[in-house]
>>> print(open('start.cif').read())   # mmCIF, C-alpha atoms and all ligand atoms
data_work
#
loop_
_atom_site.label_atom_id
_atom_site.label_comp_id
_atom_site.auth_asym_id
_atom_site.auth_seq_id
_atom_site.Cartn_x
_atom_site.Cartn_y
_atom_site.Cartn_z
CA MET A 1 0.00 0.00 0.00
CA SER A 2 1.25 3.55 -0.70
CA HIS A 3 2.75 5.55 2.16
CA ILE A 4 0.00 8.12 1.81
CA ALA A 5 -2.78 5.54 2.08
CA THR A 6 -1.25 3.72 5.05
CA GLN A 7 -0.60 6.89 6.97
CA LEU A 8 -3.95 8.49 6.24
CA ILE A 9 -6.03 5.46 7.14
CA HIS A 10 -4.17 5.15 10.41
CA TRP A 11 -4.37 8.90 11.10
CA HIS A 12 -8.08 9.12 10.40
CA LYS A 13 -9.06 6.87 13.30
CA ASP A 14 -8.09 9.45 15.94
CA HIS A 15 -7.77 12.68 14.01
CA GLY A 16 -10.33 12.60 11.19
CA ARG A 17 -13.79 14.13 11.26
CA HIS A 18 -16.46 11.65 12.28
CA HIS A 19 -19.35 13.91 13.23
CA LEU A 20 -20.65 15.25 9.90
CA PRO A 21 -24.32 14.32 9.30
CA TRP A 22 -23.73 12.75 5.88
CA GLN A 23 -20.90 10.53 7.10
CA GLY A 24 -21.64 6.84 7.35
CA ASN A 25 -24.71 7.37 5.16
CA ARG A 26 -24.64 5.06 2.16
CA ASP A 27 -27.71 6.63 0.59
CA PRO A 28 -26.30 7.95 -2.72
CA TYR A 29 -28.79 10.82 -2.64
CA ALA A 30 -27.47 12.08 0.73
CA VAL A 31 -23.88 11.64 -0.41
CA TRP A 32 -24.56 13.41 -3.69
CA LEU A 33 -26.28 16.36 -2.00
CA SER A 34 -23.48 16.82 0.53
CA GLU A 35 -20.78 16.61 -2.15
CA VAL A 36 -22.54 19.18 -4.35
CA MET A 37 -23.14 21.56 -1.45
CA LEU A 38 -19.50 21.25 -0.37
CA GLN A 39 -18.18 22.01 -3.86
CA GLN A 40 -17.81 25.73 -3.31
CA THR A 41 -18.92 26.15 0.28
CA GLN A 42 -17.41 25.63 3.72
CA VAL A 43 -18.70 22.78 5.91
CA ASN A 44 -20.11 25.06 8.61
CA THR A 45 -22.16 26.99 6.08
CA VAL A 46 -23.38 23.79 4.44
CA LEU A 47 -24.62 22.10 7.64
CA PRO A 48 -27.94 24.01 8.13
CA TYR A 49 -28.66 24.03 4.39
CA TYR A 50 -28.05 20.30 4.16
CA ALA A 51 -30.39 19.60 7.09
CA ARG A 52 -33.13 21.78 5.67
CA PHE A 53 -32.79 20.40 2.14
CA MET A 54 -33.01 16.82 3.42
CA ARG A 55 -36.07 17.75 5.47
CA GLU A 56 -37.84 19.31 2.51
CA PHE A 57 -36.72 16.81 -0.14
CA PRO A 58 -35.77 13.56 1.60
CA THR A 59 -35.58 11.45 -1.56
CA ILE A 60 -34.66 11.74 -5.22
CA SER A 61 -38.29 11.38 -6.18
CA SER A 62 -39.41 14.18 -3.82
CA LEU A 63 -36.75 16.44 -5.31
CA ALA A 64 -37.80 15.56 -8.86
CA GLN A 65 -41.47 16.22 -8.07
CA ALA A 66 -40.79 19.62 -6.48
CA PRO A 67 -41.02 22.75 -8.63
CA LEU A 68 -37.62 24.30 -9.30
CA ASP A 69 -38.80 27.44 -7.49
CA ALA A 70 -39.23 25.49 -4.25
CA VAL A 71 -35.73 24.03 -4.59
CA LEU A 72 -34.25 27.48 -5.18
CA VAL A 73 -36.00 28.81 -2.08
CA ILE A 74 -34.22 26.22 0.07
CA TRP A 75 -30.94 26.94 -1.71
CA SER A 76 -31.38 30.70 -1.38
CA GLY A 77 -28.31 32.32 0.19
CA LEU A 78 -25.96 29.39 -0.49
CA GLY A 79 -24.82 30.85 -3.83
CA TYR A 80 -23.75 29.19 -7.09
CA TYR A 81 -27.38 28.52 -7.95
CA SER A 82 -26.53 26.41 -10.99
CA ARG A 83 -25.81 23.68 -8.43
CA ALA A 84 -29.46 23.68 -7.32
CA ARG A 85 -30.73 23.78 -10.89
CA ASN A 86 -28.44 20.87 -11.82
CA LEU A 87 -29.53 18.85 -8.76
CA HIS A 88 -33.14 19.25 -9.78
CA GLN A 89 -32.38 18.42 -13.40
CA ALA A 90 -30.38 15.35 -12.40
CA ALA A 91 -33.17 14.14 -10.10
CA LEU A 92 -35.61 14.34 -13.02
CA MET A 93 -33.11 12.43 -15.18
CA ILE A 94 -32.63 9.69 -12.57
CA MET A 95 -36.40 9.22 -12.29
CA ARG A 96 -36.87 9.20 -16.06
CA ASP A 97 -33.80 7.30 -17.30
CA TYR A 98 -32.81 5.13 -14.33
CA GLN A 99 -36.23 4.31 -12.83
CA GLY A 100 -35.32 6.28 -9.71
CA GLN A 101 -32.16 4.26 -9.01
CA PHE A 102 -29.00 6.31 -8.56
CA PRO A 103 -26.37 5.01 -11.04
CA ASP A 104 -23.59 3.11 -9.27
CA SER A 105 -20.52 3.61 -11.45
CA ARG A 106 -18.33 6.69 -11.56
CA ALA A 107 -18.66 6.93 -15.34
CA MET A 108 -22.46 6.88 -15.21
CA ILE A 109 -22.67 9.27 -12.25
CA GLN A 110 -20.44 11.70 -14.13
CA LYS A 111 -23.02 11.92 -16.92
CA LEU A 112 -25.52 13.60 -14.58
CA PRO A 113 -25.69 17.40 -14.84
CA GLY A 114 -23.38 19.31 -12.51
CA ILE A 115 -21.22 16.33 -11.53
CA GLY A 116 -17.55 16.35 -12.52
CA ARG A 117 -15.09 13.49 -12.25
CA SER A 118 -14.02 14.13 -8.66
CA THR A 119 -17.56 14.52 -7.31
CA ALA A 120 -18.67 11.41 -9.23
CA ALA A 121 -15.74 9.51 -7.73
CA ALA A 122 -16.58 10.66 -4.19
CA ILE A 123 -20.19 9.49 -4.60
CA ALA A 124 -19.01 6.15 -6.07
CA VAL A 125 -16.68 5.70 -3.09
CA PHE A 126 -19.02 6.66 -0.26
CA ALA A 127 -22.25 5.17 -1.63
CA PHE A 128 -20.94 2.14 -3.52
CA SER A 129 -17.41 1.42 -2.13
CA LYS A 130 -15.88 1.82 -5.60
CA ARG A 131 -12.11 2.18 -5.79
CA GLU A 132 -11.99 5.64 -7.37
CA ALA A 133 -9.67 8.60 -6.90
CA ILE A 134 -10.88 12.09 -5.99
CA LEU A 135 -9.10 15.29 -6.92
CA ASP A 136 -10.85 18.31 -5.51
CA GLY A 137 -9.03 21.53 -4.63
CA ASN A 138 -7.91 20.23 -1.23
CA VAL A 139 -6.51 17.02 -2.69
CA GLN A 140 -4.73 18.93 -5.44
CA ARG A 141 -3.04 20.99 -2.76
CA ILE A 142 -1.93 17.93 -0.78
CA LEU A 143 -0.57 16.11 -3.83
CA THR A 144 1.30 19.09 -5.27
CA ARG A 145 3.00 19.56 -1.90
CA TYR A 146 3.61 15.89 -1.18
CA PHE A 147 5.13 15.18 -4.61
CA GLY A 148 6.58 18.67 -5.11
CA ILE A 149 4.65 19.18 -8.36
CA ALA A 150 5.12 22.69 -9.70
CA GLY A 151 2.82 24.29 -12.27
CA TYR A 152 -0.72 25.62 -12.00
CA PRO A 153 -3.08 22.67 -11.26
CA GLY A 154 -5.73 24.18 -13.54
CA GLU A 155 -3.50 23.47 -16.58
CA SER A 156 -4.41 20.22 -18.23
CA SER A 157 -0.89 18.72 -18.21
CA ILE A 158 -0.58 19.33 -14.45
CA LYS A 159 -4.14 18.18 -13.83
CA ASN A 160 -3.48 14.94 -15.72
CA LEU A 161 -0.32 14.33 -13.72
CA LEU A 162 -2.25 14.90 -10.49
CA TRP A 163 -4.95 12.45 -11.56
CA GLU A 164 -2.23 9.86 -12.22
CA LYS A 165 -0.78 10.45 -8.75
CA ALA A 166 -4.22 10.37 -7.13
CA GLU A 167 -4.86 6.95 -8.67
CA GLU A 168 -1.35 5.69 -7.95
CA VAL A 169 -1.70 6.27 -4.19
CA LEU A 170 -5.15 4.69 -3.78
CA PRO A 171 -5.21 1.97 -1.14
CA VAL A 172 -5.77 -1.66 -1.99
CA THR A 173 -9.27 -2.47 -0.85
CA TYR A 174 -9.07 -5.86 0.74
CA ARG A 175 -10.56 -4.54 3.97
CA GLU A 176 -14.11 -3.34 4.37
CA ASN A 177 -14.50 0.47 4.28
CA GLN A 178 -10.82 0.91 3.36
CA ILE A 179 -11.50 3.15 0.35
CA GLU A 180 -14.14 5.16 2.23
CA THR A 181 -11.83 5.78 5.20
CA TYR A 182 -8.94 6.73 2.94
CA THR A 183 -11.05 9.16 0.87
CA GLN A 184 -12.55 10.77 3.96
CA ALA A 185 -9.10 11.03 5.52
CA LEU A 186 -7.75 12.78 2.44
CA MET A 187 -10.62 15.26 2.58
CA ASP A 188 -10.13 15.80 6.30
CA LEU A 189 -6.38 16.30 6.01
CA GLY A 190 -6.98 18.97 3.35
CA ALA A 191 -9.60 20.68 5.49
CA THR A 192 -7.81 20.59 8.85
CA VAL A 193 -4.03 20.05 8.45
CA CYS A 194 -2.73 20.66 4.93
CA ILE A 195 -4.68 23.88 4.70
CA ARG A 196 -4.09 26.64 2.18
CA HIS A 197 -2.16 29.07 4.38
CA THR A 198 0.36 27.91 6.98
CA PRO A 199 -0.41 24.18 7.05
CA PHE A 200 0.15 22.27 10.28
CA CYS A 201 3.08 20.19 8.99
CA LYS A 202 4.28 19.36 12.50
CA ILE A 203 1.23 17.20 13.12
CA CYS A 204 0.85 15.90 9.55
CA PRO A 205 1.00 12.13 9.06
CA LEU A 206 2.55 12.64 5.59
CA GLN A 207 5.42 14.79 6.81
CA GLN A 208 8.14 12.12 6.45
CA HIS A 209 7.92 11.87 2.66
CA CYS A 210 6.43 15.23 1.80
CA VAL A 211 8.73 16.93 -0.72
CA ALA A 212 7.51 20.45 0.03
CA PHE A 213 8.06 19.97 3.76
CA LYS A 214 11.46 18.32 3.42
CA GLU A 215 12.68 21.06 1.07
CA LYS A 216 11.07 23.83 3.17
CA ARG A 217 9.09 24.97 0.13
CA VAL A 218 5.57 24.44 1.42
CA GLU A 219 4.46 27.97 0.58
CA GLN A 220 5.46 27.42 -3.07
CA PHE A 221 2.76 24.78 -3.66
CA PRO A 222 0.35 24.68 -5.32
CA THR A 223 1.58 27.11 -7.97
CA THR A 224 -0.90 29.95 -8.20
CA ARG A 225 -2.21 31.40 -11.40
CA LEU A 226 -1.21 34.95 -12.13
CA ARG A 227 -4.40 36.76 -11.22
CA LYS A 228 -5.68 39.59 -13.32
CA PRO A 229 -7.77 42.08 -11.37
CA LEU A 230 -11.45 41.11 -11.51
CA PRO A 231 -13.52 43.11 -13.97
CA LYS A 232 -16.03 45.48 -12.40
CA LYS A 233 -19.65 45.83 -13.40
CA GLU A 234 -22.23 48.33 -12.20
CA ALA A 235 -25.99 48.04 -12.12
CA VAL A 236 -28.95 49.99 -10.79
CA PHE A 237 -31.56 48.01 -8.83
CA LEU A 238 -35.01 49.57 -8.78
CA LEU A 239 -36.88 49.08 -5.52
CA LEU A 240 -40.41 49.89 -6.68
CA MET A 241 -42.89 50.21 -3.79
CA GLN A 242 -46.67 50.11 -4.09
CA HIS A 243 -48.99 49.70 -1.08
CA GLN A 244 -45.95 48.60 0.98
CA LYS A 245 -45.18 45.88 -1.51
CA LEU A 246 -42.02 45.57 -3.55
CA LEU A 247 -41.78 44.57 -7.20
CA LEU A 248 -39.54 41.58 -7.93
CA GLU A 249 -38.71 40.16 -11.32
CA LYS A 250 -37.72 36.57 -12.04
CA ARG A 251 -34.35 36.48 -13.80
CA PRO A 252 -34.18 34.41 -16.95
CA ALA A 253 -32.18 31.15 -16.95
CA PRO A 254 -29.45 30.45 -17.68
CA GLY A 255 -27.65 33.31 -16.05
CA ILE A 256 -25.86 34.02 -12.83
CA TRP A 257 -29.15 34.47 -10.95
CA GLY A 258 -31.36 32.53 -13.36
CA GLU A 259 -34.83 31.71 -11.94
CA LEU A 260 -34.18 33.85 -8.84
CA TRP A 261 -36.25 36.88 -7.83
CA CYS A 262 -34.53 40.28 -7.99
CA PRO A 263 -35.59 43.91 -8.20
CA PRO A 264 -35.72 45.11 -11.83
CA GLU A 265 -32.23 46.06 -12.98
CA ILE A 266 -31.14 48.79 -15.38
CA LYS A 267 -27.77 49.96 -16.60
CA THR A 268 -26.20 53.00 -14.98
CA GLY A 269 -27.02 56.12 -16.97
CA VAL A 270 -30.50 54.88 -17.92
CA ASP A 271 -33.28 57.14 -16.64
CA PRO A 272 -35.21 55.02 -14.09
CA VAL A 273 -38.41 57.09 -14.33
CA SER A 274 -38.55 56.71 -18.09
CA TYR A 275 -37.59 53.01 -17.90
CA CYS A 276 -40.41 52.30 -15.46
CA GLN A 277 -42.88 54.22 -17.61
CA HIS A 278 -42.00 52.67 -20.96
CA GLN A 279 -40.69 49.19 -20.12
CA LEU A 280 -42.84 48.31 -17.12
CA GLY A 281 -45.90 50.49 -17.52
CA ILE A 282 -45.36 52.01 -14.09
CA THR A 283 -45.43 55.70 -13.22
CA VAL A 284 -43.10 56.52 -10.34
CA GLN A 285 -42.12 59.49 -8.23
CA PHE A 286 -38.58 60.80 -8.22
CA PRO A 287 -36.16 58.08 -7.16
CA VAL A 288 -34.25 58.15 -3.89
CA GLU A 289 -30.68 56.88 -4.06
CA LEU A 290 -29.80 54.33 -1.39
CA PRO A 291 -26.33 53.32 -0.15
CA ILE A 292 -24.24 51.40 -2.66
CA LEU A 293 -23.81 47.65 -2.17
CA ASP A 294 -20.72 45.78 -3.43
CA HIS A 295 -20.79 42.08 -4.23
CA GLN A 296 -18.00 39.85 -5.48
CA PHE A 297 -18.55 36.90 -7.80
CA THR A 298 -15.81 34.48 -8.82
CA HIS A 299 -15.29 36.23 -12.13
CA PHE A 300 -16.30 39.83 -11.54
CA LYS A 301 -17.24 42.45 -9.00
CA LEU A 302 -20.68 43.95 -9.03
CA ARG A 303 -21.45 47.41 -7.65
CA ILE A 304 -25.16 47.80 -7.04
CA HIS A 305 -26.73 51.28 -6.98
CA PRO A 306 -30.16 50.79 -5.40
CA GLN A 307 -32.89 53.36 -5.94
CA LEU A 308 -36.16 53.51 -4.05
CA LEU A 309 -39.17 54.55 -6.14
CA HIS A 310 -42.76 55.04 -5.02
CA VAL A 311 -45.33 53.91 -7.55
CA VAL A 312 -48.01 56.43 -8.51
CA SER A 313 -49.88 54.15 -10.90
CA SER A 314 -49.25 50.87 -12.66
CA THR A 315 -50.57 48.96 -15.64
CA LEU A 316 -48.05 46.16 -15.17
CA ASN A 317 -49.53 42.69 -15.52
CA PRO A 318 -47.38 40.50 -13.24
CA HIS A 319 -47.81 37.12 -15.09
CA ASN A 320 -45.20 34.67 -13.82
CA LYS A 321 -42.34 37.05 -14.32
CA PHE A 322 -43.16 39.71 -11.72
CA ILE A 323 -44.52 39.65 -8.18
CA TRP A 324 -45.55 42.37 -5.76
CA ILE A 325 -44.50 41.17 -2.35
CA LYS A 326 -43.95 42.51 1.16
CA PRO A 327 -40.18 42.95 1.69
CA SER A 328 -40.29 40.69 4.76
CA ASP A 329 -42.01 37.93 2.75
CA ALA A 330 -39.46 38.36 -0.05
CA LEU A 331 -36.83 36.97 2.32
CA GLU A 332 -38.61 33.63 2.10
CA GLN A 333 -38.42 33.54 -1.68
CA ALA A 334 -35.51 32.35 -3.82
CA ILE A 335 -33.47 35.54 -3.84
CA PRO A 336 -29.69 35.97 -4.17
CA ALA A 337 -27.62 36.90 -1.11
CA PRO A 338 -26.92 40.54 -2.09
CA VAL A 339 -30.63 41.17 -2.71
CA ARG A 340 -31.37 39.65 0.69
CA GLU A 341 -28.79 42.01 2.18
CA LEU A 342 -30.22 44.97 0.30
CA LEU A 343 -33.75 44.28 1.54
CA LYS A 344 -32.59 43.85 5.11
CA GLN A 345 -30.68 47.13 4.99
CA THR A 346 -33.34 49.15 3.22
CA PHE A 347 -36.38 47.92 5.10
CA LEU A 348 -34.59 47.32 8.41
CA LEU A 349 -35.61 43.68 8.45
CA ASP A 350 -34.13 41.65 11.21
CA LYS A 351 -36.44 38.75 10.51
CA HIS A 352 -34.95 35.34 11.19
CA ASP A 353 -33.49 33.91 8.01
CA PRO A 354 -35.31 30.62 7.28
CA ASN A 355 -32.17 29.16 5.72
CA LYS A 356 -30.19 29.58 8.88
CA ASP A 357 -32.28 27.14 10.92
FE1 LIG A 401 0.85 19.33 3.67
FE2 LIG A 401 2.78 19.88 5.43
FE3 LIG A 401 1.61 17.50 5.38
FE4 LIG A 401 3.23 18.18 3.43
S1 LIG A 401 3.77 17.91 5.57
S2 LIG A 401 1.26 17.20 3.21
S3 LIG A 401 2.77 20.34 3.27
S4 LIG A 401 0.67 19.45 5.91
#
>>> encode(input="start.cif", output="structure tokens")
Amino acid sequence: MSHIATQLIHWHKDHGRHHLPWQGNRDPYAVWLSEVMLQQTQVNTVLPYYARFMREFPTISSLAQAPLDAVLVIWSGLGYYSRARNLHQAALMIMRDYQGQFPDSRAMIQKLPGIGRSTAAAIAVFAFSKREAILDGNVQRILTRYFGIAGYPGESSIKNLLWEKAEEVLPVTYRENQIETYTQALMDLGATVCIRHTPFCKICPLQQHCVAFKEKRVEQFPTTRLRKPLPKKEAVFLLLMQHQKLLLEKRPAPGIWGELWCPPEIKTGVDPVSYCQHQLGITVQFPVELPILDHQFTHFKLRIHPQLLHVVSSTLNPHNKFIWIKPSDALEQAIPAPVRELLKQTFLLDKHDPNKD
């Protein structure tokens, strides 16, 4: 067995995480949900969302039967909403193409929307004890340091090399739960010891053969990509109020906030009064500028200029695309985090966030 596998399996018994609610659960649905939620989000943030999601949609079939809107409401505030849309889409696919049975091979799992090779491998390991290698960001970091692999892991040649290494160090699986323990240990080491900044090498079970540690070059791995400054975008959000209700518009999918409810948005420089009149059929009083709100996405920064407008008269027919809603009730809809923040600030809402239960 590889040094990494032996050490990690041994280490995990006393030092790994054993308390997470999805651990020890062989239900592929529970494993899948936890892996997807953990893709871009910290464990502590995921915990209440995971519990609530499992309460609302305890099975694949309940998720498939739910309207996408209801799924987005539960996901609201967790970000990266394409994950929720893909979960819903995949649940429909599993019901339609696999008679409700979650596929049990990594290759088949990987064909579901929103599931890459590493996530598919993790599900195959934890739900079906398959001998598959994972390579998420944490594992990439461990392997680049352990083997002293230079070069940006996002480049395909480096990524391929890391996949080779990840497979090379897999444990033999003659003991029950060996692959599960190893995979969990790798995840735990990345989350608690071989962390991004100042890893705890002194207590690391891999220290003896770790190239980066032995050569005192830990901070050089993984090689980072030269970062260009993020592009900046600006937008004006129109908070239209009528009879103490706020107008929200459902964003089209696909898109960064596709299928989520937001205030109508216009470009900076566009006259809001004229926009409301001609595009929405709403006559408004002079807008009041509210404090600016900054939000950072992975690929750009958004500066939001909110404006409060009181409706004088309206011929808008809401259909499915618009709703008039009390600001406090809007917090219970599928709305993106910055809109949630904006509503709380503007309307002084300290209402308990349902997603934080
Ligand atoms: Fe990471 Fe340090 Fe362990 Fe090497 S010795 S794997 S750098 S924590």
>>> axis_aligned_box(input="start.cif", around="ligand LIG 401 (chain A)", padding_each_side="5 Å", output="JSON")
{"center_x": 2.2, "center_y": 18.8, "center_z": 4.6, "size_x": 13.1, "size_y": 13.1, "size_z": 12.7}
>>> residues_around(input="start.cif", residues="region 283-290 of chain A", least_positions_apart="4", cutoff="10 Å", atoms="all atoms listed in the file", output="JSON, numbers by chain")
{"A": [236, 237, 238, 239, 240, 241, 242, 271, 272, 273, 274, 275, 276, 277, 278, 304, 305, 306, 307, 308, 309, 310, 311, 312, 313, 314, 315, 342, 345, 346]}
>>> closest_atom_pairs(input="start.cif", of="chain A", to="ligand LIG 401 (chain A)", cutoff="12 Å", atoms="only C-alpha atoms and all ligand atoms", output="CSV")
residue,atom,partner,partner_atom,distance
A:His3,CA,A:LIG401,S2,11.8
A:Ile4,CA,A:LIG401,S2,9.3
A:Gln7,CA,A:LIG401,FE3,11.0
A:Leu8,CA,A:LIG401,S2,10.6
A:Trp11,CA,A:LIG401,FE3,11.9
A:Asn138,CA,A:LIG401,FE1,10.1
A:Val139,CA,A:LIG401,S2,9.8
A:Gln140,CA,A:LIG401,S2,10.7
A:Arg141,CA,A:LIG401,FE1,7.7
A:Ile142,CA,A:LIG401,S2,5.2
A:Leu143,CA,A:LIG401,S2,7.4
A:Thr144,CA,A:LIG401,S2,8.7
A:Arg145,CA,A:LIG401,S3,5.2
A:Tyr146,CA,A:LIG401,S2,5.1
A:Phe147,CA,A:LIG401,FE4,8.8
A:Gly148,CA,A:LIG401,FE4,9.2
A:Ile149,CA,A:LIG401,S3,11.8
A:Leu186,CA,A:LIG401,S2,10.1
A:Asp188,CA,A:LIG401,S4,11.4
A:Leu189,CA,A:LIG401,S4,7.7
A:Gly190,CA,A:LIG401,FE1,7.8
A:Ala191,CA,A:LIG401,S4,10.4
A:Thr192,CA,A:LIG401,S4,9.0
A:Val193,CA,A:LIG401,S4,5.4
A:Cys194,CA,A:LIG401,S4,3.7
A:Ile195,CA,A:LIG401,S4,7.1
A:Arg196,CA,A:LIG401,FE1,8.9
A:His197,CA,A:LIG401,S3,10.1
A:Thr198,CA,A:LIG401,FE2,8.5
A:Pro199,CA,A:LIG401,S4,5.0
A:Phe200,CA,A:LIG401,S4,5.2
A:Cys201,CA,A:LIG401,FE2,3.6
A:Lys202,CA,A:LIG401,S1,7.1
A:Ile203,CA,A:LIG401,S4,7.6
A:Cys204,CA,A:LIG401,FE3,4.5
A:Pro205,CA,A:LIG401,FE3,6.5
A:Leu206,CA,A:LIG401,FE3,5.0
A:Gln207,CA,A:LIG401,S1,3.7
A:Gln208,CA,A:LIG401,S1,7.3
A:His209,CA,A:LIG401,S1,7.9
A:Cys210,CA,A:LIG401,FE4,4.6
A:Val211,CA,A:LIG401,FE4,7.0
A:Ala212,CA,A:LIG401,S3,5.7
A:Phe213,CA,A:LIG401,S1,5.1
A:Lys214,CA,A:LIG401,S1,8.0
A:Glu215,CA,A:LIG401,FE4,10.2
A:Lys216,CA,A:LIG401,S3,9.0
A:Arg217,CA,A:LIG401,S3,8.4
A:Val218,CA,A:LIG401,S3,5.3
A:Glu219,CA,A:LIG401,S3,8.3
A:Gln220,CA,A:LIG401,S3,9.9
A:Phe221,CA,A:LIG401,S3,8.2
A:Pro222,CA,A:LIG401,S3,9.9
>>> residues_around(input="start.cif", residues="Pro153 (chain A)", least_positions_apart="2", cutoff="8 Å", atoms="all atoms listed in the file", output="short mmCIF file (atom, residue, chain, number, x, y, z; two decimals) with C-alpha atoms, in the coordinates of the input")
data_model
loop_
_atom_site.label_atom_id
_atom_site.label_comp_id
_atom_site.auth_asym_id
_atom_site.auth_seq_id
_atom_site.Cartn_x
_atom_site.Cartn_y
_atom_site.Cartn_z
CA GLN A 140 -4.73 18.93 -5.44
CA GLY A 151 2.82 24.29 -12.27
CA GLU A 155 -3.50 23.47 -16.58
CA SER A 156 -4.41 20.22 -18.23
CA ILE A 158 -0.58 19.33 -14.45
CA LYS A 159 -4.14 18.18 -13.83
CA LEU A 162 -2.25 14.90 -10.49
CA PRO A 222 0.35 24.68 -5.32
CA THR A 223 1.58 27.11 -7.97
#
>>> atom_distance(input="start.cif", atom1="CA of Gly269 (chain A)", atom2="CA of Leu316 (chain A)")
23.3 Å
>>> closest_atom_pairs(input="start.cif", of="region 77-169 of chain A", to="region 26-41 of chain A", cutoff="8 Å", atoms="all atoms listed in the file", output="JSON lines")
{"residue": "A:Leu78", "atom": "CA", "partner": "A:Thr41", "partner_atom": "CA", "distance": 7.8}
{"residue": "A:Tyr80", "atom": "CA", "partner": "A:Gln40", "partner_atom": "CA", "distance": 7.8}
{"residue": "A:Arg83", "atom": "CA", "partner": "A:Val36", "partner_atom": "CA", "distance": 6.9}
{"residue": "A:Leu87", "atom": "CA", "partner": "A:Leu33", "partner_atom": "CA", "distance": 7.9}
{"residue": "A:Phe102", "atom": "CA", "partner": "A:Pro28", "partner_atom": "CA", "distance": 6.6}
{"residue": "A:Ile115", "atom": "CA", "partner": "A:Val36", "partner_atom": "CA", "distance": 7.8}
{"residue": "A:Thr119", "atom": "CA", "partner": "A:Glu35", "partner_atom": "CA", "distance": 6.4}
{"residue": "A:Ala122", "atom": "CA", "partner": "A:Glu35", "partner_atom": "CA", "distance": 7.6}
{"residue": "A:Ile123", "atom": "CA", "partner": "A:Trp32", "partner_atom": "CA", "distance": 5.9}
{"residue": "A:Phe126", "atom": "CA", "partner": "A:Arg26", "partner_atom": "CA", "distance": 6.3}
{"residue": "A:Ala127", "atom": "CA", "partner": "A:Arg26", "partner_atom": "CA", "distance": 4.5}
{"residue": "A:Phe128", "atom": "CA", "partner": "A:Arg26", "partner_atom": "CA", "distance": 7.4}
>>> residues_around(input="start.cif", residues="Trp324 (chain A)", least_positions_apart="3", cutoff="10 Å", atoms="only C-alpha atoms", output="MDAnalysis selection string")
chainID A and resid 240:249 318 327 330
>>> atom_distance(input="start.cif", atom1="CA of Glu234 (chain A)", atom2="CA of Leu293 (chain A)")
10.2 Å
>>> atom_distance(input="start.cif", atom1="CA of Val169 (chain A)", atom2="CA of Ser129 (chain A)")
16.6 Å
>>> closest_residue(input="start.cif", among="A:Phe322, A:Phe347, A:Phe53, A:Trp261", to="Asp69 (chain A)", atoms="all atoms listed in the file")
A:Trp261
>>> closest_residue(input="start.cif", among="A:Asp329, A:Arg175, A:Lys267, A:Pro336", to="Leu349 (chain A)", atoms="all atoms listed in the file")
A:Asp329
>>> closest_residue(input="start.cif", among="A:Glu259, A:Ala124, A:Arg303, A:Trp22", to="Pro67 (chain A)", atoms="all atoms listed in the file")
A:Glu259
>>> residues_near_point(input="start.cif", point="(-17.9, 36.1, -12.2)", cutoff="10 Å", atoms="all atoms listed in the file", output="count of residues only")
12
>>> closest_residue(input="start.cif", among="A:Leu63, A:Cys262, A:Ile323, A:Ile282", to="Leu343 (chain A)", atoms="all atoms listed in the file")
A:Cys262
>>> build_atoms(input="start.cif", residues="region 131-141 of chain A", atoms="N, CA and C atoms", output="mmCIF file, keeping the file's coordinate frame")
data_model
loop_
_atom_site.group_PDB
_atom_site.id
_atom_site.type_symbol
_atom_site.label_atom_id
_atom_site.label_comp_id
_atom_site.auth_asym_id
_atom_site.auth_seq_id
_atom_site.Cartn_x
_atom_site.Cartn_y
_atom_site.Cartn_z
ATOM 1 N N ARG A 131 -13.502 1.730 -5.960
ATOM 2 C CA ARG A 131 -12.110 2.180 -5.790
ATOM 3 C C ARG A 131 -11.832 3.273 -6.828
ATOM 4 N N GLU A 132 -12.133 4.492 -6.470
ATOM 5 C CA GLU A 132 -11.990 5.640 -7.370
ATOM 6 C C GLU A 132 -11.198 6.737 -6.671
ATOM 7 N N ALA A 133 -10.466 7.502 -7.471
ATOM 8 C CA ALA A 133 -9.670 8.600 -6.900
ATOM 9 C C ALA A 133 -10.436 9.912 -6.986
ATOM 10 N N ILE A 134 -10.300 10.738 -5.952
ATOM 11 C CA ILE A 134 -10.880 12.090 -5.990
ATOM 12 C C ILE A 134 -9.752 13.101 -6.195
ATOM 13 N N LEU A 135 -10.117 14.248 -6.728
ATOM 14 C CA LEU A 135 -9.100 15.290 -6.920
ATOM 15 C C LEU A 135 -9.768 16.667 -6.836
ATOM 16 N N ASP A 136 -10.295 16.969 -5.670
ATOM 17 C CA ASP A 136 -10.850 18.310 -5.510
ATOM 18 C C ASP A 136 -9.715 19.289 -5.151
ATOM 19 N N GLY A 137 -10.071 20.526 -4.885
ATOM 20 C CA GLY A 137 -9.030 21.530 -4.630
ATOM 21 C C GLY A 137 -8.127 21.162 -3.464
ATOM 22 N N ASN A 138 -8.706 20.619 -2.399
ATOM 23 C CA ASN A 138 -7.910 20.230 -1.230
ATOM 24 C C ASN A 138 -6.920 19.128 -1.579
ATOM 25 N N VAL A 139 -7.384 18.159 -2.349
ATOM 26 C CA VAL A 139 -6.510 17.020 -2.690
ATOM 27 C C VAL A 139 -5.409 17.483 -3.646
ATOM 28 N N GLN A 140 -5.766 18.364 -4.553
ATOM 29 C CA GLN A 140 -4.730 18.930 -5.440
ATOM 30 C C GLN A 140 -3.617 19.569 -4.619
ATOM 31 N N ARG A 141 -4.025 20.302 -3.593
ATOM 32 C CA ARG A 141 -3.040 20.990 -2.760
ATOM 33 C C ARG A 141 -2.129 19.981 -2.053
#
